[in-house]
Structures are given as structure tokens and as C-alpha cells.
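Pasted below: work.txt, compact mmCIF, C-alpha atoms.
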```
# COMPACT_ATOMS: atom_id res chain seq x y z
CA MET A 1 -17.42 51.71 95.15
CA PRO A 2 -21.11 52.75 95.12
CA THR A 3 -21.48 51.20 91.66
CA LEU A 4 -19.90 47.95 92.86
CA ASN A 5 -22.26 47.88 95.86
CA LYS A 6 -25.25 48.30 93.51
CA ILE A 7 -23.99 45.44 91.36
CA ARG A 8 -23.62 43.21 94.40
CA THR A 9 -27.12 44.08 95.61
CA ALA A 10 -28.61 43.44 92.16
CA LEU A 11 -26.94 40.07 91.77
CA THR A 12 -28.31 38.78 95.07
CA ARG A 13 -31.81 39.03 93.54
CA HIS A 14 -30.89 36.31 91.04
CA ARG A 15 -30.30 32.66 91.66
CA PRO A 16 -26.59 31.83 91.18
CA LEU A 17 -25.43 30.22 87.98
CA PHE A 18 -23.89 27.44 90.06
CA PRO A 19 -23.49 27.05 93.82
CA SER A 20 -20.50 28.45 95.64
CA PRO A 21 -17.91 25.79 96.52
CA THR A 22 -18.41 26.73 100.18
CA ALA A 23 -22.19 26.50 100.08
CA LYS A 24 -23.48 23.34 101.80
CA SER A 25 -26.84 21.69 101.46
CA ARG A 26 -28.91 21.13 104.58
CA THR A 27 -30.02 17.74 103.36
CA ALA A 28 -27.40 16.55 100.87
CA PRO A 29 -25.70 13.52 102.45
CA HIS A 30 -22.24 14.38 101.10
CA GLY A 31 -22.30 18.16 101.26
CA GLY A 32 -22.94 18.52 97.54
CA GLY A 33 -23.99 22.14 97.85
CA ILE A 34 -27.43 21.53 96.24
CA PRO A 35 -30.35 23.22 98.01
CA ASP A 36 -32.84 20.72 99.40
CA ALA A 37 -35.69 22.12 97.27
CA THR A 38 -33.79 21.84 93.98
CA PRO A 39 -32.56 18.29 93.31
CA ARG A 40 -30.10 17.86 90.46
CA PRO A 41 -31.99 16.84 87.32
CA ALA A 42 -30.97 13.61 85.60
CA GLY A 43 -32.07 11.48 82.68
CA SER A 44 -31.19 10.56 79.18
CA ARG A 45 -33.13 13.48 77.67
CA LEU A 46 -30.99 15.97 79.57
CA LEU A 47 -27.83 14.16 78.51
CA ARG A 48 -28.95 14.19 74.88
CA HIS A 49 -29.70 17.91 75.18
CA ARG A 50 -26.18 18.55 76.46
CA ALA A 51 -24.65 16.39 73.71
CA ALA A 52 -26.58 18.30 71.04
CA ILE A 53 -25.28 21.66 72.30
CA THR A 54 -21.77 20.22 72.40
CA ALA A 55 -22.14 19.14 68.77
CA PHE A 56 -22.98 22.70 67.71
CA PHE A 57 -19.91 24.06 69.51
CA ALA A 58 -17.68 21.49 67.79
CA MET A 59 -19.30 22.20 64.41
CA ASP A 60 -18.71 25.93 64.84
CA GLY A 61 -14.98 25.47 65.42
CA PHE A 62 -14.70 22.86 62.66
CA LEU A 63 -16.31 25.01 59.98
CA PHE A 64 -14.50 28.21 60.90
CA ALA A 65 -11.09 26.50 60.91
CA GLY A 66 -11.87 24.85 57.59
CA TRP A 67 -12.54 28.25 56.06
CA VAL A 68 -9.39 29.81 57.54
CA VAL A 69 -7.02 27.26 55.99
CA ARG A 70 -8.41 28.03 52.50
CA ILE A 71 -7.84 31.79 52.70
CA PRO A 72 -4.58 31.65 50.67
CA ALA A 73 -6.24 29.72 47.81
CA ILE A 74 -9.27 32.02 47.75
CA LYS A 75 -7.00 35.06 47.82
CA ALA A 76 -5.23 33.74 44.73
CA GLN A 77 -8.45 33.14 42.81
CA THR A 78 -9.75 36.64 43.56
CA GLY A 79 -6.46 38.29 42.64
CA ALA A 80 -6.77 40.54 45.69
CA GLY A 81 -3.76 42.30 47.15
CA ALA A 82 -2.95 42.31 50.84
CA GLY A 83 -4.90 45.51 51.50
CA ALA A 84 -7.98 44.45 49.56
CA LEU A 85 -7.93 41.03 51.23
CA GLY A 86 -7.72 42.67 54.65
CA LEU A 87 -10.80 44.75 53.91
CA ALA A 88 -12.63 41.69 52.63
CA LEU A 89 -11.74 39.68 55.74
CA LEU A 90 -13.13 42.51 57.83
CA GLY A 91 -16.55 41.41 56.55
CA VAL A 92 -16.46 38.44 58.94
CA SER A 93 -15.99 40.73 61.92
CA VAL A 94 -18.55 43.30 60.82
CA GLY A 95 -21.20 40.66 60.14
CA ALA A 96 -20.54 38.88 63.43
CA VAL A 97 -20.68 41.97 65.62
CA ALA A 98 -23.75 43.33 63.81
CA PHE A 99 -25.78 40.17 64.40
CA MET A 100 -24.69 39.31 67.93
CA THR A 101 -26.98 41.81 69.68
CA VAL A 102 -29.83 41.02 67.27
CA THR A 103 -29.47 37.33 68.10
CA GLY A 104 -29.94 38.05 71.80
CA ARG A 105 -33.38 39.47 71.05
CA LEU A 106 -34.23 36.57 68.75
CA CYS A 107 -33.31 34.10 71.51
CA ARG A 108 -35.67 35.83 73.92
CA ARG A 109 -38.46 35.76 71.38
CA TYR A 110 -38.11 32.30 69.84
CA GLY A 111 -35.91 30.42 72.29
CA SER A 112 -32.16 29.88 72.12
CA GLN A 113 -32.45 26.30 70.84
CA ALA A 114 -34.45 27.22 67.74
CA VAL A 115 -32.08 30.09 66.96
CA THR A 116 -29.09 27.77 67.46
CA VAL A 117 -30.43 25.30 64.89
CA ALA A 118 -31.26 28.02 62.37
CA SER A 119 -27.90 29.75 62.83
CA GLY A 120 -26.01 26.46 62.51
CA ALA A 121 -27.71 25.68 59.21
CA ALA A 122 -27.05 29.23 58.01
CA LEU A 123 -23.36 28.94 58.87
CA ALA A 124 -23.08 25.65 56.96
CA LEU A 125 -24.71 27.17 53.89
CA SER A 126 -22.81 30.46 54.03
CA ILE A 127 -19.44 28.70 53.95
CA LEU A 128 -20.26 27.83 50.32
CA LEU A 129 -20.16 31.49 49.28
CA PRO A 130 -16.45 32.51 49.60
CA PRO A 131 -15.00 29.99 47.08
CA PHE A 132 -17.30 31.36 44.36
CA ALA A 133 -16.06 34.93 44.81
CA ARG A 134 -13.96 36.26 41.92
CA SER A 135 -13.17 39.70 43.30
CA ALA A 136 -12.30 41.24 46.66
CA THR A 137 -15.67 43.03 46.75
CA ALA A 138 -17.61 39.82 46.16
CA LEU A 139 -15.51 38.07 48.78
CA GLY A 140 -16.23 40.80 51.31
CA LEU A 141 -19.98 40.50 50.74
CA ALA A 142 -19.80 36.70 51.04
CA LEU A 143 -17.84 37.00 54.28
CA LEU A 144 -20.36 39.51 55.61
CA VAL A 145 -23.02 36.79 55.36
CA PHE A 146 -20.67 34.17 56.75
CA GLY A 147 -19.76 36.42 59.70
CA ALA A 148 -23.40 37.16 60.46
CA ALA A 149 -24.17 33.43 60.70
CA TYR A 150 -21.01 32.82 62.74
CA GLY A 151 -21.79 35.56 65.26
CA SER A 152 -25.42 34.52 65.50
CA LEU A 153 -24.52 30.89 66.21
CA ASN A 154 -22.01 31.88 68.88
CA VAL A 155 -24.58 33.91 70.82
CA ALA A 156 -27.40 31.37 70.38
CA MET A 157 -25.44 28.28 71.39
CA ASN A 158 -23.87 30.07 74.38
CA SER A 159 -27.37 31.15 75.45
CA ALA A 160 -28.59 27.55 75.14
CA ALA A 161 -25.58 26.45 77.19
CA VAL A 162 -26.34 29.01 79.91
CA GLU A 163 -29.93 27.75 80.06
CA LEU A 164 -28.72 24.19 80.51
CA ILE A 165 -26.20 25.25 83.16
CA THR A 166 -29.05 26.88 85.09
CA VAL A 167 -30.75 23.49 85.19
CA LEU A 168 -27.70 21.30 85.78
CA ARG A 169 -26.35 23.72 88.38
CA ARG A 170 -22.85 22.73 87.33
CA PRO A 171 -20.25 24.99 85.65
CA VAL A 172 -20.01 22.97 82.43
CA MET A 173 -19.43 25.92 80.08
CA PRO A 174 -15.68 25.21 79.72
CA GLY A 175 -16.55 21.77 78.34
CA PHE A 176 -18.61 23.31 75.56
CA HIS A 177 -15.76 25.64 74.64
CA ALA A 178 -13.36 22.69 74.72
CA ALA A 179 -15.55 21.11 72.03
CA PHE A 180 -15.16 24.30 70.00
CA SER A 181 -11.38 24.13 70.36
CA LEU A 182 -11.30 20.44 69.43
CA GLY A 183 -13.50 21.11 66.40
CA GLY A 184 -11.17 23.90 65.34
CA MET A 185 -8.08 21.71 65.66
CA LEU A 186 -9.76 18.94 63.67
CA GLY A 187 -10.92 21.36 60.99
CA ALA A 188 -7.48 22.92 60.65
CA GLY A 189 -5.73 19.55 60.55
CA LEU A 190 -8.11 18.10 57.99
CA GLY A 191 -7.92 21.26 55.91
CA GLY A 192 -4.15 21.08 55.83
CA LEU A 193 -4.30 17.48 54.60
CA VAL A 194 -6.76 18.11 51.76
CA ALA A 195 -5.64 21.61 50.73
CA GLY A 196 -3.33 20.24 48.04
CA ARG A 197 -5.84 17.69 46.76
CA LEU A 198 -9.21 19.45 46.73
CA SER A 199 -10.23 22.80 45.31
CA PRO A 200 -11.70 25.35 47.72
CA VAL A 201 -15.15 24.72 46.21
CA ALA A 202 -14.97 20.96 46.78
CA HIS A 203 -13.45 21.28 50.23
CA LEU A 204 -15.90 23.86 51.55
CA ALA A 205 -18.83 22.06 49.92
CA ALA A 206 -17.86 18.95 51.89
CA LEU A 207 -17.68 21.05 55.05
CA ALA A 208 -21.10 22.53 54.30
CA ALA A 209 -22.54 19.03 53.94
CA CYS A 210 -21.04 17.99 57.28
CA GLY A 211 -22.42 21.13 58.90
CA LEU A 212 -25.92 20.60 57.53
CA VAL A 213 -25.95 16.97 58.70
CA THR A 214 -24.82 18.06 62.16
CA ALA A 215 -27.41 20.83 62.30
CA ALA A 216 -30.14 18.40 61.22
CA VAL A 217 -29.24 15.57 63.62
CA ALA A 218 -28.16 17.61 66.64
CA GLY A 219 -30.85 20.21 65.95
CA ARG A 220 -33.60 17.59 65.97
CA THR A 221 -32.38 16.37 69.35
CA LEU A 222 -32.02 19.89 70.69
CA LEU A 223 -35.55 20.88 69.71
CA ARG A 224 -37.12 17.63 70.92
CA THR A 225 -35.46 17.86 74.34
CA ARG A 226 -35.65 21.60 74.97
CA GLU A 227 -38.71 21.19 77.21
CA VAL A 228 -36.64 19.21 79.70
CA THR A 229 -34.77 22.33 80.73
CA ALA A 230 -38.01 24.11 81.58
CA ARG A 231 -39.43 21.12 83.47
CA ALA A 232 -36.23 20.44 85.36
CA ALA A 233 -35.54 24.04 86.30
CA PRO A 234 -35.61 24.87 90.03
CA PRO A 235 -39.03 26.01 91.34
CA GLY A 236 -39.76 29.60 90.40
CA VAL A 237 -36.80 29.84 88.06
CA ARG A 238 -37.25 30.08 84.28
CA PRO A 239 -34.10 29.32 82.29
CA ALA A 240 -32.54 32.61 81.33
CA ALA A 241 -32.58 32.11 77.57
CA SER A 242 -36.10 30.74 77.24
CA PRO A 243 -38.83 32.79 75.63
CA PRO A 244 -41.11 34.31 78.28
CA PRO A 245 -44.59 32.78 78.70
CA SER A 246 -46.21 36.08 77.81
CA GLY A 247 -44.37 36.21 74.50
CA ARG A 248 -42.95 39.60 75.41
CA ALA A 249 -39.23 39.94 75.84
CA PRO A 250 -38.01 41.35 79.17
CA ARG A 251 -35.16 43.77 79.38
CA PRO A 252 -31.76 42.20 80.01
CA GLY A 253 -31.08 41.33 83.60
CA GLY A 254 -34.47 42.41 84.83
CA THR A 255 -33.10 44.83 87.43
CA GLY A 256 -31.85 47.67 85.29
CA GLY A 257 -28.53 49.45 85.36
CA PRO A 258 -26.54 47.48 87.99
CA VAL A 259 -27.04 44.16 86.22
CA ARG A 260 -26.26 45.67 82.82
CA ARG A 261 -23.06 47.09 84.29
CA LEU A 262 -22.24 43.67 85.70
CA VAL A 263 -22.71 42.15 82.24
CA VAL A 264 -20.34 44.76 80.82
CA VAL A 265 -17.78 43.91 83.52
CA PHE A 266 -17.79 40.27 82.46
CA GLY A 267 -17.65 41.37 78.83
CA VAL A 268 -14.50 43.38 79.59
CA ILE A 269 -12.94 40.33 81.24
CA ALA A 270 -13.73 38.34 78.10
CA LEU A 271 -12.25 41.12 75.94
CA CYS A 272 -8.97 41.11 77.87
CA THR A 273 -8.48 37.40 77.22
CA ALA A 274 -9.83 37.30 73.66
CA TYR A 275 -7.27 39.99 72.86
CA GLY A 276 -4.57 37.47 73.73
CA GLU A 277 -6.11 34.69 71.64
CA GLY A 278 -6.29 36.90 68.56
CA ALA A 279 -2.79 38.28 69.07
CA LEU A 280 -1.16 34.89 69.47
CA ALA A 281 -3.03 33.42 66.51
CA ASP A 282 -1.65 36.08 64.16
CA TRP A 283 1.69 37.04 65.73
CA GLY A 284 2.92 34.12 67.82
CA ALA A 285 4.56 32.21 64.96
CA LEU A 286 6.13 35.40 63.60
CA HIS A 287 7.66 36.17 66.99
CA LEU A 288 9.27 32.72 67.13
CA SER A 289 10.66 32.89 63.59
CA GLN A 290 11.60 36.57 63.40
CA ASP A 291 12.82 37.34 66.90
CA LEU A 292 14.05 33.90 68.07
CA ALA A 293 15.25 32.41 64.75
CA ALA A 294 12.99 29.37 64.98
CA SER A 295 12.49 27.15 61.94
CA PRO A 296 9.17 27.46 60.07
CA GLY A 297 7.98 24.13 61.46
CA PHE A 298 8.90 25.04 65.02
CA ALA A 299 7.27 28.46 64.65
CA ALA A 300 4.04 26.87 63.47
CA ALA A 301 4.18 24.47 66.41
CA GLY A 302 4.23 27.42 68.80
CA TYR A 303 0.58 28.25 68.21
CA ALA A 304 -0.30 24.55 68.21
CA VAL A 305 1.19 24.27 71.71
CA PHE A 306 -0.89 27.25 72.82
CA ALA A 307 -4.08 25.76 71.32
CA LEU A 308 -3.44 22.33 72.85
CA ALA A 309 -2.84 23.84 76.28
CA MET A 310 -6.04 25.87 76.00
CA THR A 311 -8.02 22.80 74.97
CA ALA A 312 -6.60 20.78 77.88
CA GLY A 313 -7.44 23.60 80.27
CA ARG A 314 -11.02 23.75 79.05
CA LEU A 315 -11.47 19.98 79.31
CA SER A 316 -10.61 20.24 82.99
CA GLY A 317 -12.40 23.57 83.44
CA THR A 318 -15.60 22.23 84.99
CA ALA A 319 -13.68 20.46 87.75
CA VAL A 320 -11.57 23.57 88.36
CA VAL A 321 -14.58 25.88 88.69
CA GLU A 322 -16.40 23.40 90.93
CA ARG A 323 -13.34 23.14 93.16
CA PHE A 324 -12.32 26.80 93.38
CA GLY A 325 -15.38 28.77 92.23
CA PRO A 326 -15.70 31.20 89.31
CA ALA A 327 -14.02 34.20 90.95
CA ARG A 328 -10.85 32.34 91.87
CA THR A 329 -10.81 30.62 88.48
CA LEU A 330 -10.95 33.96 86.66
CA ALA A 331 -8.36 35.64 88.89
CA ALA A 332 -5.94 32.70 88.88
CA GLY A 333 -6.37 32.22 85.14
CA GLY A 334 -5.59 35.86 84.45
CA GLY A 335 -2.50 35.78 86.67
CA THR A 336 -1.26 32.55 85.10
CA ALA A 337 -1.79 33.89 81.59
CA ALA A 338 0.06 37.11 82.46
CA ALA A 339 3.08 35.19 83.76
CA GLY A 340 3.07 32.85 80.77
CA MET A 341 2.90 35.67 78.22
CA LEU A 342 5.72 37.59 79.89
CA LEU A 343 7.84 34.48 79.47
CA GLY A 344 6.62 33.93 75.91
CA ALA A 345 7.29 37.52 74.87
CA LEU A 346 10.63 38.10 76.60
CA ALA A 347 12.23 34.64 76.65
CA PRO A 348 15.68 34.44 75.04
CA SER A 349 15.03 31.11 73.29
CA ALA A 350 12.25 29.62 71.17
CA TRP A 351 11.83 26.65 73.53
CA ALA A 352 11.28 28.94 76.52
CA ALA A 353 8.86 31.07 74.51
CA CYS A 354 6.84 27.97 73.58
CA ALA A 355 6.72 27.01 77.25
CA GLY A 356 5.38 30.48 77.98
CA PHE A 357 2.74 30.10 75.27
CA ALA A 358 1.63 26.82 76.86
CA VAL A 359 1.30 28.43 80.30
CA ALA A 360 -0.62 31.33 78.76
CA GLY A 361 -2.96 28.88 77.03
CA LEU A 362 -3.71 27.14 80.33
CA GLY A 363 -4.36 30.48 82.00
CA LEU A 364 -6.62 31.86 79.27
CA ALA A 365 -8.50 28.61 78.72
CA ASN A 366 -11.44 29.09 81.08
CA ILE A 367 -11.66 32.86 81.44
CA PHE A 368 -13.75 33.52 78.35
CA PRO A 369 -16.30 30.68 78.90
CA VAL A 370 -16.70 31.46 82.61
CA ALA A 371 -17.14 35.18 81.91
CA ILE A 372 -19.78 34.50 79.25
CA ALA A 373 -21.56 32.06 81.54
CA ARG A 374 -21.64 34.61 84.35
CA ALA A 375 -22.93 37.30 82.00
CA GLY A 376 -25.70 34.93 80.91
CA ALA A 377 -26.60 34.19 84.52
CA ALA A 378 -27.00 37.89 85.21
CA GLY A 379 -28.58 39.08 81.97
CA GLY A 380 -29.99 36.04 80.14
CA SER A 381 -29.55 35.81 76.39
CA ASP A 382 -29.07 39.57 76.15
CA GLY A 383 -26.26 39.29 78.70
CA VAL A 384 -24.61 36.62 76.55
CA ALA A 385 -25.02 38.82 73.46
CA VAL A 386 -23.54 41.94 75.08
CA ALA A 387 -20.61 40.13 76.71
CA SER A 388 -19.90 38.14 73.53
CA THR A 389 -19.89 41.32 71.44
CA ILE A 390 -17.47 43.03 73.82
CA GLY A 391 -15.30 39.92 74.08
CA TYR A 392 -15.24 39.39 70.32
CA GLY A 393 -14.11 42.98 70.00
CA GLY A 394 -10.98 42.00 71.91
CA MET A 395 -10.21 39.31 69.37
CA LEU A 396 -10.59 41.91 66.60
CA LEU A 397 -8.53 44.50 68.47
CA GLY A 398 -5.59 42.23 69.27
CA PRO A 399 -3.92 41.64 65.87
CA PRO A 400 -3.98 45.25 64.59
CA ALA A 401 -2.99 46.63 68.00
CA ILE A 402 0.02 44.31 68.10
CA GLY A 403 0.93 45.47 64.59
CA PHE A 404 0.87 49.17 65.48
CA LEU A 405 2.83 48.59 68.70
CA THR A 406 5.39 46.50 66.82
CA GLU A 407 6.05 49.37 64.43
CA ALA A 408 6.41 51.78 67.34
CA TRP A 409 8.64 49.56 69.53
CA SER A 410 9.14 45.85 68.77
CA LEU A 411 7.12 42.65 68.57
CA PRO A 412 8.30 41.27 71.96
CA VAL A 413 7.31 44.53 73.65
CA ALA A 414 3.97 44.54 71.82
CA LEU A 415 3.23 40.99 73.00
CA THR A 416 3.65 42.06 76.62
CA THR A 417 0.32 43.88 76.25
CA VAL A 418 -1.30 40.43 76.22
CA ALA A 419 0.17 39.86 79.67
CA LEU A 420 -0.95 43.33 80.77
CA LEU A 421 -4.59 42.76 79.77
CA ALA A 422 -4.61 39.27 81.31
CA ALA A 423 -3.46 40.88 84.55
CA VAL A 424 -6.23 43.48 84.22
CA ALA A 425 -8.76 40.65 83.85
CA ALA A 426 -7.38 39.05 87.01
CA VAL A 427 -7.66 42.32 88.95
CA ILE A 428 -11.24 42.90 87.77
CA ALA A 429 -12.21 39.34 88.72
CA HIS A 430 -10.66 39.74 92.17
CA THR A 431 -12.25 43.15 92.71
CA THR A 432 -15.74 41.84 91.83
CA ARG A 433 -15.29 38.49 93.60
CA ASP A 434 -18.24 39.11 95.94
CA THR A 435 -20.63 39.17 92.98
CA HIS A 436 -19.90 35.45 92.39
CA ARG A 437 -21.00 34.38 95.83
CA THR A 438 -24.40 33.04 96.74
CA GLY A 439 -26.65 35.06 98.99
```

Represent the structure from my file as C-alpha cells, please.
Amino acid sequence: MPTLNKIRTALTRHRPLFPSPTAKSRTAPHGGGIPDATPRPAGSRLLRHRAAITAFFAMDGFLFAGWVVRIPAIKAQTGAGAGALGLALLGVSVGAVAFMTVTGRLCRRYGSQAVTVASGAALALSILLPPFARSATALGLALLVFGAAYGSLNVAMNSAAVELITVLRRPVMPGFHAAFSLGGMLGAGLGGLVAGRLSPVAHLAALAACGLVTAAVAGRTLLRTREVTARAAPPGVRPAASPPPSGRAPRPGGTGGPVRRLVVVFGVIALCTAYGEGALADWGALHLSQDLAASPGFAAAGYAVFALAMTAGRLSGTAVVERFGPARTLAAGGGTAAAGMLLGALAPSAWAACAGFAVAGLGLANIFPVAIARAGAAGGSDGVAVASTIGYGGMLLGPPAIGFLTEAWSLPVALTTVALLAAVAAVIAHTTRDTHRTG
């Protein structure tokens, strides 16, 4: 408990990411919870800034999904076996994790908006590399570059989102992640339609062109409106991801160990839920077809149901966090996801398992974005980088862990670990609930 007390004390030195749902303004006519000295900023420039960040989230999901659907065709052209392909695909993860922490420092030095634009353009260009690979080694090197750009963009755009949230004083992070989910669904759907008509080179070249156009248009808006976040910030508060006036980068969190430990706590919460996303993406359909005798089409629909539920949950996430607060949202989401995954893993029929997947998607929907937002509130862009790296590790850990546990016991038993970690996330969120409250 002494460590938890230090974390609570450290957090009270920072302005909250968004006001507690019980906090009332002394002057707001309708009890809006906005301190009298910090009116909510408004204006078209701020709206354009938010739209530009949303566009980068959607582009990220769109490009990544477009690449994923072409993996079988690129595997065939490289002639790689399953083992060699697995090692090559590991390049995405290695590149992403390696550049996430570096990107946090770049955001502090140059500003999160500039790094977002540069990373978005790099991601669009790097997606051109995999279809030209003719061996597993070349593919692995291409994916190392692609993963570096992907990880860098994820940290930079989340840092820019945290900076905007600081100004808006509204928990809008779930909306940004909903754009990512929608972009991913659109990219996967479009990729499935054109996979039989276009070569991987033509398809991914078209995606690269779309990404560059988005980076140019949204990036121009993002850079032209970035000053509005600094001008609209509450008095005495500099947006967390902005470069410091002195040009020197402060240490994450500004208060030392307690805040860094708090960032790690939120990173662990993100890891527990990202584990479930990665596990369901790779093993959900197999569970339906292998263990519950579902048809191939129905098995594929199982993950689609999960993704749709997660997207719907994120679209309503801002309202949920404003109504119940971040701590309750995290705890309730973890509990809901745990119950849903127990049903999905142990249900006796495919229909019941799909229902469980949908409940799990609703529960997991807002945990990752809220955890990353809270880490950014405590530690700035470095907080986002650390929590994202830990959380992304959960997505990498999930699929192989499920595989090993399946060999030891069975796939349904292995999938119950998703429910276990979701419950752990709920317990952590409940235990640290006081750190979400305003002073």
C-alpha cells in the first residue's frame, strides 16, 4: 500500500485528464463540472484539429488491415514455409516495439503533431515494401520498416490525442480508437473484394497513395491548427505532448518514480485487454470451427461480431466515461469482458459462443483507449509510449500463449485466460480507483 499512496499523492500534483463525474463547477449554470477559470474551448480550428487526428487513426487501421489481407498472396510469392513466414511477420512486432519508446522522445522534442504527420507518411510508403519481397529474409526486413512506422504512428497520434483531450477536457479517446476500428473494418472488407482482382503490388500501391493523400491533407490541417491547443489550454497547463519552451525534454511524469509506476499500472491494464484482442483475432474462428463444428462462414463471422461490438462500444465510449468516470469504465469493462469470454470459451454451441464474443468486445472496447489516455495524462508523450509498448506486448503475447496452452490442455481452456486477464484488469482498475479522482 505505501506504493499506492505515493502514486495517489503524485497524481494530485497534476491536473486531471478530464473532470470527475461528481465534480461540480462553482459557476457553471448546469453543473457541467468545468472549473470557472478554465472555460471549454470552442471553434472551428479546434474541430478541424480533432478531425485531422481522427483521420490519422482511421488511416492507421485502414492500411494495417489492407496489409493483413494480402499476407497469403505475399507468402506464396516468397515461397516461405510456415516457420519462415512466422519469423518474417515477427519483424512487424520488433520494429513497432523498438520505435515506440523512441517516438515518445521525438514527440517531446518536435511536438506530437509533426511526428504524427511524418510517421503517417512513413507508414504509407513502407506498405509498398512487402509486395516486392521475394524471400522470407527480404520480407522480414521490409516488415521491420513497416512495423517501425506503424509503432511510431501509434504513439505519436495517441500523444496528439492526449494533448487535445487536455484542452477539450472531455474523454474523447474512445472515439479516436473507434475510427481506428472502422478504418480496419473498411480496409479488410475492401481488401477481400479486390484480392482476387488486383496483385499485391497494385493493391498496396493504391493503399499507399490513399495514405499519402490522407497524411498530406490531414497533416496540413494538423500542423496549421496545432497552436490552438496551446492557446486554449487551461492557465498554467501546457499540453502534455507539446515540446517544452526551453527545447529541453523533461523526464516523463515530472515527479519521478510514483508517476512512472502509475504509467506502468495503466500499461498493464492495456496489456491485459490487448492480450484478448490478439488471441481472438488469431484463435476465435478456429475455436468456432474446430470445437463447435461451425461452418467456415460462420466461424469467420465470429471475429466480425467481436470487432463490430468493439467498434460500437468505442463509438459510445466518450458518453460512458463522462457518465461513469474512467475508473468505473475500466472496472466494469474488465468484468464484462471476463464474463463474455467465459461464455465464448465454454459455451456448448457456436451461437452462444458468438454471443460471448460480442459481450467481450463491448467490455474490451474502451479499456485500452482509456488506459492509454490516463497514462498520457500522468506521463505525457513518454507515458503514452511506455503504456503503448506494454499494451502492444499483450497483443504479441496473446496468440503464442494461446497456442502453447492449447497444446497443454485444449483451446477452450486456453481461451479462458482472456477472461482471467480481463478480470485482472478490472481488479487493478478498482484497486487504483482513487488515482482517477480529482483533488

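Minimum distance to Thr329 in chain A across A:Ala365, A:Ala293, A:Leu280, A:Ala161 (counting all atoms listed in the file) occurs at A:Ala365.
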
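The coordinates place CA of Ser388 in chain A at 13.7 Å from CA of Gly95 in chain A.
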
Item to complete: Show me as a PyMOL selection string the residues that reach within 12 Å of (-24.2, 34.0, 58.4), counting all atoms listed in the file and using the file's own coordinates.
Response: chain A and resi 60+64+91-100+103+118-130+141-154

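Closest to Ala156 in chain A among A:Gly317, A:Gly380, A:Pro258, A:Gly276 is A:Gly380, based on all atoms listed in the file.
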
Worksheet item: Near Thr273 in chain A, counting only C-alpha atoms, which residues have an atom at most 12 Å away, once you skip same-chain residues fewer than 2 positions from it, shown as a ChimeraX atom specification?
Response: /A:266-271,275-280,310,330-331,333-338,341,360-372,390-398,417-426

Kindly export the residues of the current selection with C-alpha atoms, as a short mmCIF file (atom, residue, chain, number, x, y, z; two decimals), in the frame of the given file.
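Generated file (result_24.cif):
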```cif
data_model
loop_
_atom_site.label_atom_id
_atom_site.label_comp_id
_atom_site.auth_asym_id
_atom_site.auth_seq_id
_atom_site.Cartn_x
_atom_site.Cartn_y
_atom_site.Cartn_z
CA PHE A 266 -17.79 40.27 82.46
CA GLY A 267 -17.65 41.37 78.83
CA VAL A 268 -14.50 43.38 79.59
CA ILE A 269 -12.94 40.33 81.24
CA ALA A 270 -13.73 38.34 78.10
CA LEU A 271 -12.25 41.12 75.94
CA TYR A 275 -7.27 39.99 72.86
CA GLY A 276 -4.57 37.47 73.73
CA GLU A 277 -6.11 34.69 71.64
CA GLY A 278 -6.29 36.90 68.56
CA ALA A 279 -2.79 38.28 69.07
CA LEU A 280 -1.16 34.89 69.47
CA MET A 310 -6.04 25.87 76.00
CA LEU A 330 -10.95 33.96 86.66
CA ALA A 331 -8.36 35.64 88.89
CA GLY A 333 -6.37 32.22 85.14
CA GLY A 334 -5.59 35.86 84.45
CA GLY A 335 -2.50 35.78 86.67
CA THR A 336 -1.26 32.55 85.10
CA ALA A 337 -1.79 33.89 81.59
CA ALA A 338 0.06 37.11 82.46
CA MET A 341 2.90 35.67 78.22
CA ALA A 360 -0.62 31.33 78.76
CA GLY A 361 -2.96 28.88 77.03
CA LEU A 362 -3.71 27.14 80.33
CA GLY A 363 -4.36 30.48 82.00
CA LEU A 364 -6.62 31.86 79.27
CA ALA A 365 -8.50 28.61 78.72
CA ASN A 366 -11.44 29.09 81.08
CA ILE A 367 -11.66 32.86 81.44
CA PHE A 368 -13.75 33.52 78.35
CA PRO A 369 -16.30 30.68 78.90
CA VAL A 370 -16.70 31.46 82.61
CA ALA A 371 -17.14 35.18 81.91
CA ILE A 372 -19.78 34.50 79.25
CA ILE A 390 -17.47 43.03 73.82
CA GLY A 391 -15.30 39.92 74.08
CA TYR A 392 -15.24 39.39 70.32
CA GLY A 393 -14.11 42.98 70.00
CA GLY A 394 -10.98 42.00 71.91
CA MET A 395 -10.21 39.31 69.37
CA LEU A 396 -10.59 41.91 66.60
CA LEU A 397 -8.53 44.50 68.47
CA GLY A 398 -5.59 42.23 69.27
CA THR A 417 0.32 43.88 76.25
CA VAL A 418 -1.30 40.43 76.22
CA ALA A 419 0.17 39.86 79.67
CA LEU A 420 -0.95 43.33 80.77
CA LEU A 421 -4.59 42.76 79.77
CA ALA A 422 -4.61 39.27 81.31
CA ALA A 423 -3.46 40.88 84.55
CA VAL A 424 -6.23 43.48 84.22
CA ALA A 425 -8.76 40.65 83.85
CA ALA A 426 -7.38 39.05 87.01
#
```

Worksheet item: Expressed in Å to a single decimal, how great is the separation between CA of Gly383 in chain A and CA of Met157 in chain A?
Response: 13.2 Å

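Straight-line separation from CA of Ala52 in chain A to CA of Leu222 in chain A: 5.7 Å.
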
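If only C-alpha atoms are the atoms counted, then among A:Gly184, A:Gly43, A:Gly111, A:Gly192 the closest residue to Ile71 in chain A is A:Gly192.
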
Discussion item. With only C-alpha atoms as the counted atoms, please give the residues lying no more than 10 Å from range 281-285 of chain A, apart from itself and same-chain residues fewer than 2 positions off, as an MDAnalysis selection string.
Written reply: chainID A and resid 276:279 287:291 294:304 306:307 344:345 353:354 357 395 398:400 402:403 411:412 414:415

Worksheet, complete the sentence: Of A:Ala274, A:Val117, A:Ala373, A:Ala209, the one nearest to Arg226 in chain A when counting only C-alpha atoms is A:Val117

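You can rank A:Gln77, A:Thr225, A:Ser410, A:Ser159 by their closest distance to Gly379 in chain A using all atoms listed in the file, and at the top of that list sits A:Ser159.
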
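Candidate residues A:Ala355, A:Ala375, A:Cys107, A:Met59 were compared for distance to Val217 in chain A, and the nearest is A:Met59, using all atoms listed in the file.
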
Give me the box for range 209-227 of chain A as lines of an AutoDock Vina configuration file, namely the centre and edge lengths in Å to one decimal of a box along x, y and z that holds every listed atom plus 8 Å on each side.
```
center_x = -29.9
center_y = 18.6
center_z = 65.6
size_x = 33.7
size_y = 22.0
size_z = 39.3
```
